[in-house]
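**Student:** What follows is my_file20.csv, made up of CSV, C-alpha atoms and all ligand atoms:
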```
chain,number,residue,atom,x,y,z
A,53,MET,CA,-81.5,-96.6,-103.1
A,54,LYS,CA,-85.0,-98.2,-102.5
A,55,ARG,CA,-87.9,-96.3,-104.0
A,56,ILE,CA,-91.3,-95.9,-102.3
A,57,LEU,CA,-94.6,-94.3,-103.4
A,58,THR,CA,-97.4,-92.8,-101.4
A,59,ILE,CA,-100.8,-92.4,-102.9
A,60,ALA,CA,-102.6,-90.0,-100.6
A,61,GLY,CA,-103.9,-86.5,-99.9
A,62,SER,CA,-101.9,-83.3,-99.3
A,63,ASP,CA,-102.1,-81.7,-95.9
A,64,SER,CA,-101.1,-78.0,-96.2
A,65,CYS,CA,-99.8,-77.8,-92.6
A,66,GLY,CA,-97.4,-80.7,-93.2
A,67,GLY,CA,-98.4,-82.9,-90.3
A,68,ALA,CA,-100.3,-85.7,-92.0
A,69,GLY,CA,-101.0,-87.0,-95.5
A,70,ILE,CA,-98.4,-86.9,-98.3
A,71,GLN,CA,-96.2,-84.6,-96.3
A,72,ALA,CA,-95.9,-86.9,-93.3
A,73,ASP,CA,-95.3,-89.8,-95.7
A,74,LEU,CA,-92.5,-88.2,-97.6
A,75,LYS,CA,-90.8,-87.1,-94.3
A,76,THR,CA,-91.1,-90.7,-93.0
A,77,PHE,CA,-89.6,-92.1,-96.2
A,78,SER,CA,-86.6,-89.7,-96.0
A,79,ALA,CA,-86.0,-90.5,-92.4
A,80,HIS,CA,-85.8,-94.1,-93.4
A,81,GLY,CA,-83.2,-93.3,-96.1
A,82,LEU,CA,-85.6,-94.1,-99.0
A,83,PHE,CA,-86.4,-92.2,-102.2
A,84,GLY,CA,-90.0,-91.1,-101.8
A,85,MET,CA,-92.5,-90.4,-104.6
A,86,SER,CA,-96.1,-89.2,-104.5
A,87,VAL,CA,-99.4,-89.6,-106.3
A,88,ILE,CA,-101.8,-86.9,-104.9
A,89,THR,CA,-105.5,-87.9,-104.6
A,90,ALA,CA,-106.8,-84.7,-103.1
A,91,VAL,CA,-105.6,-81.4,-101.8
A,92,THR,CA,-106.8,-80.4,-98.3
A,93,ALA,CA,-106.7,-76.9,-96.8
A,94,GLN,CA,-105.7,-78.0,-93.3
A,95,ASN,CA,-103.9,-76.9,-90.2
A,96,THR,CA,-103.6,-78.1,-86.6
A,97,GLN,CA,-107.1,-76.9,-85.8
A,98,GLY,CA,-109.2,-78.4,-88.7
A,99,VAL,CA,-109.8,-79.1,-92.4
A,100,PHE,CA,-111.2,-76.0,-94.2
A,101,GLY,CA,-111.6,-77.3,-97.8
A,102,VAL,CA,-110.9,-80.3,-100.0
A,103,GLN,CA,-110.5,-80.6,-103.7
A,104,ASP,CA,-110.3,-84.1,-105.2
A,105,ILE,CA,-107.9,-84.7,-108.0
A,106,SER,CA,-109.7,-86.1,-111.1
A,107,ALA,CA,-109.5,-89.9,-111.7
A,108,GLU,CA,-107.8,-89.2,-115.0
A,109,LEU,CA,-104.9,-87.3,-113.4
A,110,ILE,CA,-104.6,-89.8,-110.6
A,111,GLN,CA,-104.2,-92.5,-113.2
A,112,LYS,CA,-101.7,-90.5,-115.1
A,113,GLN,CA,-99.6,-89.9,-112.0
A,114,ILE,CA,-99.5,-93.6,-111.2
A,115,GLU,CA,-98.6,-94.5,-114.8
A,116,ALA,CA,-95.9,-91.8,-114.9
A,117,VAL,CA,-94.2,-93.3,-111.8
A,118,PHE,CA,-94.6,-97.0,-112.7
A,119,ASP,CA,-93.8,-96.7,-116.5
A,120,ASP,CA,-90.4,-95.3,-115.6
A,121,ILE,CA,-89.4,-96.4,-112.1
A,122,ALA,CA,-89.2,-99.7,-110.2
A,123,VAL,CA,-91.1,-99.2,-107.0
A,124,ASP,CA,-90.2,-101.2,-103.9
A,125,ALA,CA,-93.3,-100.4,-101.8
A,126,VAL,CA,-96.5,-98.5,-101.9
A,127,LYS,CA,-98.6,-96.9,-99.2
A,128,ILE,CA,-102.2,-95.7,-99.8
A,129,GLY,CA,-103.7,-93.1,-97.5
A,130,MET,CA,-106.6,-90.7,-98.1
A,131,VAL,CA,-108.8,-91.7,-101.1
A,132,SER,CA,-112.0,-89.6,-100.5
A,133,ILE,CA,-114.4,-90.9,-103.2
A,134,THR,CA,-115.4,-94.1,-105.0
A,135,ASP,CA,-114.0,-92.9,-108.4
A,136,THR,CA,-110.6,-92.3,-106.8
A,137,ILE,CA,-110.6,-95.8,-105.2
A,138,LYS,CA,-111.6,-97.5,-108.4
A,139,VAL,CA,-109.0,-95.8,-110.6
A,140,ILE,CA,-106.2,-96.6,-108.1
A,141,ALA,CA,-107.2,-100.3,-107.9
A,142,GLN,CA,-107.6,-100.6,-111.7
A,143,THR,CA,-104.3,-98.8,-112.5
A,144,LEU,CA,-102.2,-100.5,-109.8
A,145,GLU,CA,-103.5,-103.9,-111.1
A,146,ARG,CA,-101.5,-103.4,-114.3
A,147,TYR,CA,-98.2,-103.1,-112.4
A,148,PRO,CA,-96.2,-105.5,-110.2
A,149,VAL,CA,-97.0,-103.9,-106.9
A,150,ARG,CA,-95.2,-105.5,-104.0
A,151,ASN,CA,-95.5,-104.4,-100.4
A,152,LEU,CA,-98.7,-102.5,-100.5
A,153,VAL,CA,-99.8,-100.9,-97.1
A,154,VAL,CA,-103.3,-99.6,-97.0
A,155,ASP,CA,-104.2,-97.1,-94.3
A,156,PRO,CA,-108.0,-96.8,-94.5
A,157,VAL,CA,-108.1,-93.1,-93.6
A,158,MET,CA,-111.6,-92.0,-92.8
A,159,VAL,CA,-112.0,-89.1,-90.4
A,160,SER,CA,-109.3,-86.5,-89.4
A,161,LYS,CA,-108.4,-85.9,-85.8
A,162,SER,CA,-110.4,-82.7,-86.1
A,163,GLY,CA,-113.5,-84.6,-87.1
A,164,TYR,CA,-113.6,-84.0,-90.9
A,165,HIS,CA,-114.7,-86.9,-93.2
A,166,LEU,CA,-111.7,-87.4,-95.4
A,167,LEU,CA,-113.4,-90.5,-96.9
A,168,GLN,CA,-117.0,-90.0,-98.1
A,169,PRO,CA,-119.1,-92.4,-96.1
A,170,GLU,CA,-120.6,-93.9,-99.3
A,171,ALA,CA,-117.1,-94.8,-100.5
A,172,LYS,CA,-116.5,-97.2,-97.6
A,173,GLU,CA,-117.8,-100.2,-99.6
A,174,ALA,CA,-115.4,-99.5,-102.5
A,175,LEU,CA,-112.5,-99.3,-100.1
A,176,ILE,CA,-113.4,-102.6,-98.7
A,177,ARG,CA,-114.1,-104.2,-102.0
A,178,TYR,CA,-111.2,-102.9,-104.2
A,179,LEU,CA,-108.3,-101.9,-101.9
A,180,LEU,CA,-108.3,-104.3,-98.9
A,181,PRO,CA,-107.8,-107.4,-101.0
A,182,MET,CA,-104.7,-105.8,-102.7
A,183,ALA,CA,-103.1,-105.0,-99.4
A,184,LYS,CA,-100.2,-106.8,-97.8
A,185,VAL,CA,-101.0,-104.9,-94.5
A,186,VAL,CA,-104.1,-102.8,-93.7
A,187,THR,CA,-103.8,-100.5,-90.7
A,188,PRO,CA,-107.2,-99.3,-89.3
A,189,ASN,CA,-107.4,-97.3,-86.1
A,190,ILE,CA,-110.2,-98.2,-83.7
A,191,PRO,CA,-112.9,-95.9,-85.2
A,192,GLU,CA,-112.0,-97.1,-88.7
A,193,ALA,CA,-112.1,-100.8,-87.6
A,194,GLU,CA,-115.5,-100.0,-86.1
A,195,VAL,CA,-116.8,-98.6,-89.4
A,196,ILE,CA,-115.3,-101.4,-91.5
A,197,THR,CA,-116.8,-104.2,-89.3
A,198,GLY,CA,-119.9,-102.5,-87.9
A,199,MET,CA,-118.9,-103.6,-84.4
A,200,LYS,CA,-118.1,-101.5,-81.3
A,201,ILE,CA,-114.5,-101.8,-80.0
A,202,ASN,CA,-113.9,-101.2,-76.3
A,203,ASP,CA,-110.9,-103.4,-75.4
A,204,LEU,CA,-108.2,-105.8,-76.7
A,205,GLU,CA,-110.7,-108.7,-77.1
A,206,ASP,CA,-112.9,-106.5,-79.4
A,207,MET,CA,-109.8,-105.5,-81.3
A,208,LYS,CA,-109.1,-109.2,-81.9
A,209,SER,CA,-112.6,-109.9,-83.2
A,210,ALA,CA,-112.4,-106.9,-85.5
A,211,ALA,CA,-109.0,-108.0,-86.8
A,212,VAL,CA,-110.4,-111.5,-87.6
A,213,GLN,CA,-113.4,-109.9,-89.4
A,214,ILE,CA,-111.2,-107.6,-91.4
A,215,TYR,CA,-108.8,-110.4,-92.3
A,216,HIS,CA,-111.8,-112.1,-94.0
A,217,MET,CA,-111.9,-109.1,-96.4
A,218,ASN,CA,-108.7,-110.6,-97.8
A,219,PRO,CA,-105.7,-108.4,-96.9
A,220,GLU,CA,-102.6,-110.6,-96.0
A,221,TYR,CA,-102.2,-109.0,-92.6
A,222,VAL,CA,-104.4,-106.7,-90.4
A,223,LEU,CA,-102.9,-104.3,-87.9
A,224,VAL,CA,-105.6,-102.8,-85.6
A,225,LYS,CA,-104.0,-99.7,-83.9
A,226,GLY,CA,-104.9,-99.0,-80.3
A,227,GLY,CA,-104.0,-95.3,-80.2
A,228,HIS,CA,-107.7,-94.4,-79.5
A,229,LEU,CA,-108.1,-96.7,-76.4
A,230,GLU,CA,-106.8,-95.8,-72.9
A,231,GLY,CA,-103.8,-97.1,-71.1
A,232,GLU,CA,-100.8,-98.5,-73.0
A,233,ALA,CA,-100.8,-97.9,-76.8
A,234,VAL,CA,-101.2,-101.5,-78.0
A,235,ASP,CA,-101.4,-102.4,-81.7
A,236,LEU,CA,-102.6,-105.9,-82.7
A,237,LEU,CA,-101.4,-107.8,-85.8
A,238,TYR,CA,-103.3,-110.8,-87.2
A,239,ASP,CA,-102.1,-113.0,-90.1
A,240,GLY,CA,-105.0,-115.4,-90.2
A,241,LYS,CA,-103.5,-117.7,-87.6
A,242,ASP,CA,-101.7,-115.9,-84.8
A,243,PHE,CA,-102.1,-112.5,-83.0
A,244,LYS,CA,-99.0,-110.5,-82.3
A,245,TYR,CA,-99.0,-107.4,-79.9
A,246,TYR,CA,-96.9,-104.3,-80.2
A,247,HIS,CA,-96.8,-102.3,-77.0
A,248,SER,CA,-95.6,-98.8,-76.1
A,249,PRO,CA,-96.3,-96.6,-73.1
A,250,ARG,CA,-99.0,-94.0,-73.7
A,251,ILE,CA,-97.4,-90.6,-74.3
A,252,HIS,CA,-99.4,-87.7,-72.8
A,253,THR,CA,-99.5,-85.2,-75.6
A,254,GLN,CA,-102.2,-83.6,-77.8
A,255,ASN,CA,-99.7,-83.6,-80.7
A,256,THR,CA,-100.8,-86.7,-82.6
A,257,HIS,CA,-101.6,-85.1,-86.0
A,258,GLY,CA,-100.4,-87.6,-88.6
A,259,THR,CA,-99.5,-90.6,-86.3
A,260,GLY,CA,-101.5,-93.0,-88.5
A,261,CYS,CA,-99.9,-91.7,-91.7
A,262,THR,CA,-96.5,-91.9,-90.2
A,263,LEU,CA,-96.9,-95.5,-88.9
A,264,SER,CA,-98.2,-96.8,-92.2
A,265,SER,CA,-95.4,-95.1,-94.1
A,266,ALA,CA,-92.8,-96.5,-91.7
A,267,ILE,CA,-94.2,-100.0,-92.1
A,268,ALA,CA,-94.1,-99.6,-96.0
A,269,SER,CA,-90.5,-98.2,-95.7
A,270,ASN,CA,-89.3,-101.2,-93.7
A,271,LEU,CA,-91.1,-103.6,-96.2
A,272,ALA,CA,-89.2,-101.8,-99.0
A,273,LYS,CA,-86.0,-102.7,-97.2
A,274,ASN,CA,-87.1,-106.4,-97.4
A,275,MET,CA,-88.0,-106.8,-93.7
A,276,SER,CA,-90.7,-109.3,-92.8
A,277,VAL,CA,-94.1,-107.9,-91.9
A,278,ALA,CA,-93.6,-108.6,-88.2
A,279,GLU,CA,-90.1,-106.9,-88.2
A,280,ALA,CA,-91.4,-104.0,-90.3
A,281,ILE,CA,-94.1,-103.2,-87.8
A,282,GLU,CA,-91.8,-103.6,-84.8
A,283,GLY,CA,-89.4,-101.0,-86.4
A,284,ALA,CA,-92.4,-98.7,-87.3
A,285,LYS,CA,-93.8,-98.9,-83.8
A,286,ALA,CA,-90.4,-97.8,-82.4
A,287,TYR,CA,-90.2,-95.0,-84.9
A,288,ILE,CA,-93.7,-93.7,-84.2
A,289,THR,CA,-93.1,-93.8,-80.5
A,290,VAL,CA,-90.1,-91.5,-80.7
A,291,ALA,CA,-91.9,-89.4,-83.3
A,292,ILE,CA,-94.8,-88.8,-80.8
A,293,GLU,CA,-92.4,-88.4,-77.8
A,294,GLN,CA,-90.6,-85.6,-79.7
A,295,SER,CA,-93.8,-84.1,-81.2
A,296,PHE,CA,-94.2,-80.4,-80.9
A,297,SER,CA,-96.7,-77.6,-81.1
A,298,ILE,CA,-96.5,-75.6,-84.3
A,299,GLY,CA,-100.0,-74.0,-84.1
A,300,LYS,CA,-103.0,-73.7,-81.8
A,301,GLY,CA,-104.3,-77.3,-82.1
A,302,VAL,CA,-103.1,-80.8,-82.7
A,303,GLY,CA,-99.4,-80.6,-83.5
A,304,PRO,CA,-97.3,-83.0,-85.7
A,305,THR,CA,-94.9,-85.8,-85.0
A,306,HIS,CA,-91.1,-85.3,-85.3
A,307,HIS,CA,-89.5,-87.2,-88.1
A,308,PHE,CA,-85.9,-86.3,-88.0
A,309,TYR,CA,-85.2,-86.5,-84.2
A,310,GLU,CA,-82.8,-89.5,-84.5
A,311,LEU,CA,-81.0,-88.0,-87.5
A,312,TYR,CA,-80.7,-84.5,-85.9
A,313,LYS,CA,-79.4,-86.1,-82.7
A,314,LYS,CA,-76.8,-88.2,-84.6
A,315,ALA,CA,-75.7,-85.1,-86.5
A,316,GLY,CA,-75.3,-83.2,-83.1
A,317,LEU,CA,-77.9,-80.7,-84.2
A,318,ILE,CA,-80.1,-81.1,-81.1
B,401,LIG,N1,-100.6,-91.1,-77.1
B,401,LIG,C1,-100.0,-92.1,-77.7
B,401,LIG,N2,-98.8,-92.6,-77.1
B,401,LIG,C2,-98.2,-93.6,-77.7
B,401,LIG,N3,-98.5,-94.1,-78.9
B,401,LIG,C3,-99.6,-93.7,-79.5
B,401,LIG,C4,-100.4,-92.6,-78.9
B,401,LIG,N4,-101.4,-92.3,-79.8
B,401,LIG,C5,-101.2,-93.2,-80.9
B,401,LIG,N5,-100.1,-94.0,-80.7
B,401,LIG,C6,-99.6,-95.0,-81.6
B,401,LIG,O1,-99.5,-94.3,-82.9
B,401,LIG,C7,-99.9,-95.2,-83.9
B,401,LIG,C8,-101.0,-94.6,-84.7
B,401,LIG,O2,-102.2,-94.9,-84.0
B,401,LIG,P1,-103.6,-94.3,-83.9
B,401,LIG,O3,-103.5,-92.9,-83.2
B,401,LIG,O4,-104.5,-95.3,-83.3
B,401,LIG,O5,-103.9,-94.1,-85.5
B,401,LIG,P2,-104.6,-92.9,-86.3
B,401,LIG,O6,-103.5,-91.8,-86.4
B,401,LIG,O7,-104.8,-93.5,-87.6
B,401,LIG,O8,-105.8,-92.5,-85.6
B,401,LIG,C9,-100.1,-96.5,-83.3
B,401,LIG,O9,-98.9,-97.3,-83.2
B,401,LIG,C10,-100.6,-96.1,-81.8
B,401,LIG,O10,-100.4,-97.2,-80.9
B,402,LIG,C1,-104.5,-85.4,-96.1
B,402,LIG,C2,-104.7,-86.1,-94.9
B,402,LIG,N1,-104.5,-87.5,-94.9
B,402,LIG,C3,-104.7,-88.2,-93.7
B,402,LIG,C4,-105.0,-87.5,-92.5
B,402,LIG,C5,-105.2,-88.3,-91.3
B,402,LIG,O1,-104.3,-88.1,-90.3
B,402,LIG,P1,-103.9,-89.0,-89.1
B,402,LIG,O2,-102.7,-89.7,-89.5
B,402,LIG,O3,-103.7,-88.1,-87.9
B,402,LIG,O4,-105.1,-90.0,-88.9
B,402,LIG,C6,-105.2,-86.1,-92.6
B,402,LIG,N2,-105.5,-85.4,-91.5
B,402,LIG,N3,-105.0,-85.5,-93.8
```
Output the file's structure as structure tokens, nothing else.
**Tutor:**
Amino acid sequence: MKRILTIAGSDSCGGAGIQADLKTFSAHGLFGMSVITAVTAQNTQGVFGVQDISAELIQKQIEAVFDDIAVDAVKIGMVSITDTIKVIAQTLERYPVRNLVVDPVMVSKSGYHLLQPEAKEALIRYLLPMAKVVTPNIPEAEVITGMKINDLEDMKSAAVQIYHMNPEYVLVKGGHLEGEAVDLLYDGKDFKYYHSPRIHTQNTHGTGCTLSSAIASNLAKNMSVAEAIEGAKAYITVAIEQSFSIGKGVGPTHHFYELYKKAGLI
């Protein structure tokens, strides 16, 4: 069985972060592992507290996994502060990390700063160059590039700018624009578009976490980047279509819909 690691924050309500990542890995038939960077007190309505895990314990978690287990893919999500980013980059450098997907998580859907604004430079400097695929949403691409993004042409310019920060591929996600949900991939030469109809729901808690974990899952299975994103886009579309309300705010995506359906459970 392929093994896959998420390095990210814990979301107590289970919709985003480590919890969404592990559900996505399971739904892809992989063995999921986790390095926790921060614990958030969070639900569908907001983020009520965050405790960052020490750099020392983050390093030990990464070493504990890699010193023992061969890892087929890694996804990085919430990294909060500069010390966290530096220790992840320095520790991962000592291991043969293939298939690294970096989701540059910045602000939660409820408006909380999961990445301290002053840590942005470290994320750009240390993590983007290690990434096979980096997956900013529109607000994240705006912060990374300093440009305003209003349409597909702006997404293209942002993708080119981010590509020059040295990841192998840039996927700018279009979930925050209106109309069709179009994501744009750039490999330094060509643009590739991934379309899906816009689903009218407020339950999009964890969509970015889910998409990046699905891409990493498909890379662990030796798919090409273009195929991995195609599969992940199909996965997130069903996960959003089948999303549901578990609380009073922004509900989570559904990870096991296809499995439950196959098993005749729904
Ligand atoms: N309402 C929606 N309908 C269909 N797809 C969506 C919708 N919202 C987001 N997506 C898709 O979900 C994925 C995550 O995108 P996005 O919401 O932009 O990221 P994030 O969760 O990081 O803010 C992308 O593939 C995007 O196109
Ligand atoms: C711990 C944690 N990590 C990431 C997100 C972002 O979630 P989304 O995928 O909705 O952008 C979150 N809300 N909480």
**Student:** Suppose you want the space between CA of Thr92 in chain A and CA of Glu145 in chain A; what is it in Å?
**Tutor:**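 Calculated distance between CA of Thr92 in chain A and CA of Glu145 in chain A is 27.0 Å.
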**Student:** My list of candidates is A:Ser209, A:Thr76, A:Asn151, A:Gln111. Which is closest to Lys184 in chain A when distances are computed with only C-alpha atoms?
**Tutor:**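 So, comparing all the options, the nearest one is A:Asn151.
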**Student:** Let me have all residues with an atom within 7 Å of ligand LIG 402 (chain B), counting only C-alpha atoms and all ligand atoms, laid out as a PyMOL selection string.
**Tutor:** chain A and resi 60-63+68-70+92+129-130+157+159-161+256-262
**Student:** In Å to one decimal, how far is CA of Ala268 in chain A from CA of His306 in chain A?
**Tutor:**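 About the pair CA of His306 in chain A and CA of Ala268 in chain A: they are 18.1 Å apart.
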**Student:** Show which residues sit within 12 Å of Leu109 in chain A, as a PyMOL selection string. Count only C-alpha atoms, and ignore same-chain residues fewer than 6 positions away.
**Tutor:** chain A and resi 87-90+115-116+135-136+139-140+143
**Student:** Can you work out which one of A:Val123, A:Ala193, A:Ala171, A:Ile298 has the shortest atom-to-atom distance to ligand LIG 401 (chain B), counting all atoms listed in the file?
**Tutor:**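 With all atoms listed in the file as the atom set, the closest residue is A:Ala193.
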**Student:** Identify, counting all atoms listed in the file, the protein, DNA and RNA residues located within 7 Å of ligand LIG 401 (chain B), and give them as a PyMOL selection string.
**Tutor:** chain A and resi 157+188-190+225-228+233-235+248-253+256-261+263+285+288-289+292
**Student:** Would you mind reading off the distance between CA of Asp104 in chain A and CA of Ile176 in chain A, one decimal, in Å?
**Tutor:**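 Interatomic distance, CA of Asp104 in chain A to CA of Ile176 in chain A: 19.9 Å.
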**Student:** Pick the closest to Asp120 in chain A from A:Val153, A:Lys300, A:Arg55, A:Asp242: which is it, counting only C-alpha atoms?
**Tutor:**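 Looking at the shortest contact to Asp120 in chain A, the residue is A:Arg55.
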**Student:** Pick from A:Ile59, A:Val186, A:Leu175, A:Ala284: nearest to His307 in chain A, with all atoms listed in the file counted?
**Tutor:** A:Ala284
**Student:** Let me make sure I understand: among A:Asp124, A:Val149, A:Leu74, A:Leu229, which one has the smallest atom-to-atom distance to Met275 in chain A if we use only C-alpha atoms?
**Tutor:**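 Once distances to Met275 in chain A are computed over only C-alpha atoms, the minimum belongs to A:Asp124.
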**Student:** Here is a test: counting all atoms listed in the file, which residue of A:Phe296, A:Ala266, A:Ala79, A:Asp119 is nearest to Glu279 in chain A?
**Tutor:**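 Looking only at the distances to Glu279 in chain A, the closest residue turns out to be A:Ala266.
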**Student:** Could you name the residues that touch range 99-101 of chain A at 10 Å or less, counting only C-alpha atoms, but leaving out those on the same chain fewer than 2 positions away, as JSON, numbers by chain?
**Tutor:** {"A": [63, 64, 91, 92, 93, 94, 95, 96, 97, 103, 160, 161, 162, 163, 164, 165, 166]}
**Student:** Using C-alpha atoms, can you export the residues from the last selection as a PDB file, in the frame of the given file?
**Tutor:**
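Saved to again-v1.pdb:
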```pdb
ATOM      1  CA  ASP A  63    -102.100 -81.700 -95.900  1.00  0.00           C
ATOM      2  CA  SER A  64    -101.100 -78.000 -96.200  1.00  0.00           C
ATOM      3  CA  VAL A  91    -105.600 -81.400-101.800  1.00  0.00           C
ATOM      4  CA  THR A  92    -106.800 -80.400 -98.300  1.00  0.00           C
ATOM      5  CA  ALA A  93    -106.700 -76.900 -96.800  1.00  0.00           C
ATOM      6  CA  GLN A  94    -105.700 -78.000 -93.300  1.00  0.00           C
ATOM      7  CA  ASN A  95    -103.900 -76.900 -90.200  1.00  0.00           C
ATOM      8  CA  THR A  96    -103.600 -78.100 -86.600  1.00  0.00           C
ATOM      9  CA  GLN A  97    -107.100 -76.900 -85.800  1.00  0.00           C
ATOM     10  CA  GLN A 103    -110.500 -80.600-103.700  1.00  0.00           C
ATOM     11  CA  SER A 160    -109.300 -86.500 -89.400  1.00  0.00           C
ATOM     12  CA  LYS A 161    -108.400 -85.900 -85.800  1.00  0.00           C
ATOM     13  CA  SER A 162    -110.400 -82.700 -86.100  1.00  0.00           C
ATOM     14  CA  GLY A 163    -113.500 -84.600 -87.100  1.00  0.00           C
ATOM     15  CA  TYR A 164    -113.600 -84.000 -90.900  1.00  0.00           C
ATOM     16  CA  HIS A 165    -114.700 -86.900 -93.200  1.00  0.00           C
ATOM     17  CA  LEU A 166    -111.700 -87.400 -95.400  1.00  0.00           C
TER      18      LEU A 166
END
```
**Student:** Hey, which bits of range 209-305 of chain A sit within 7 Å of range 178-182 of chain A, and for each residue what's the closest pair of atoms and how far apart in Å (one decimal), counting all atoms listed in the file, rows by chain and increasing number, as a Markdown table?
**Tutor:**
```
| residue | atom | partner | partner_atom | distance |
| --- | --- | --- | --- | --- |
| A:Met217 | CA | A:Pro181 | CA | 6.4 |
| A:Asn218 | CA | A:Pro181 | CA | 4.6 |
| A:Pro219 | CA | A:Pro181 | CA | 4.7 |
```
**Student:** Range 230-253 of chain A from the block above, C-alpha atoms, as a compact mmCIF listing (two decimals), in the first residue's frame, please?
**Tutor:**
```txt
# COMPACT_ATOMS: atom_id res chain seq x y z
CA GLU A 230 -17.90 33.61 -10.10
CA GLY A 231 -19.31 31.32 -12.78
CA GLU A 232 -17.73 27.94 -13.55
CA ALA A 233 -15.11 26.72 -11.02
CA VAL A 234 -12.00 26.79 -13.24
CA ASP A 235 -8.54 25.88 -11.97
CA LEU A 236 -5.47 26.79 -14.04
CA LEU A 237 -2.24 24.73 -14.23
CA TYR A 238 1.04 26.21 -15.47
CA ASP A 239 4.23 24.20 -16.02
CA GLY A 240 6.46 27.00 -17.28
CA LYS A 241 5.35 26.47 -20.90
CA ASP A 242 1.68 25.66 -21.26
CA PHE A 243 -1.57 26.42 -19.45
CA LYS A 244 -4.09 23.68 -18.77
CA TYR A 245 -7.64 24.31 -17.53
CA TYR A 246 -9.75 22.14 -15.24
CA HIS A 247 -13.45 23.02 -15.41
CA SER A 248 -16.43 22.08 -13.28
CA PRO A 249 -19.86 23.60 -12.90
CA ARG A 250 -20.21 25.87 -9.84
CA ILE A 251 -22.12 24.07 -7.10
CA HIS A 252 -24.37 26.36 -5.11
CA THR A 253 -23.66 25.46 -1.51
```
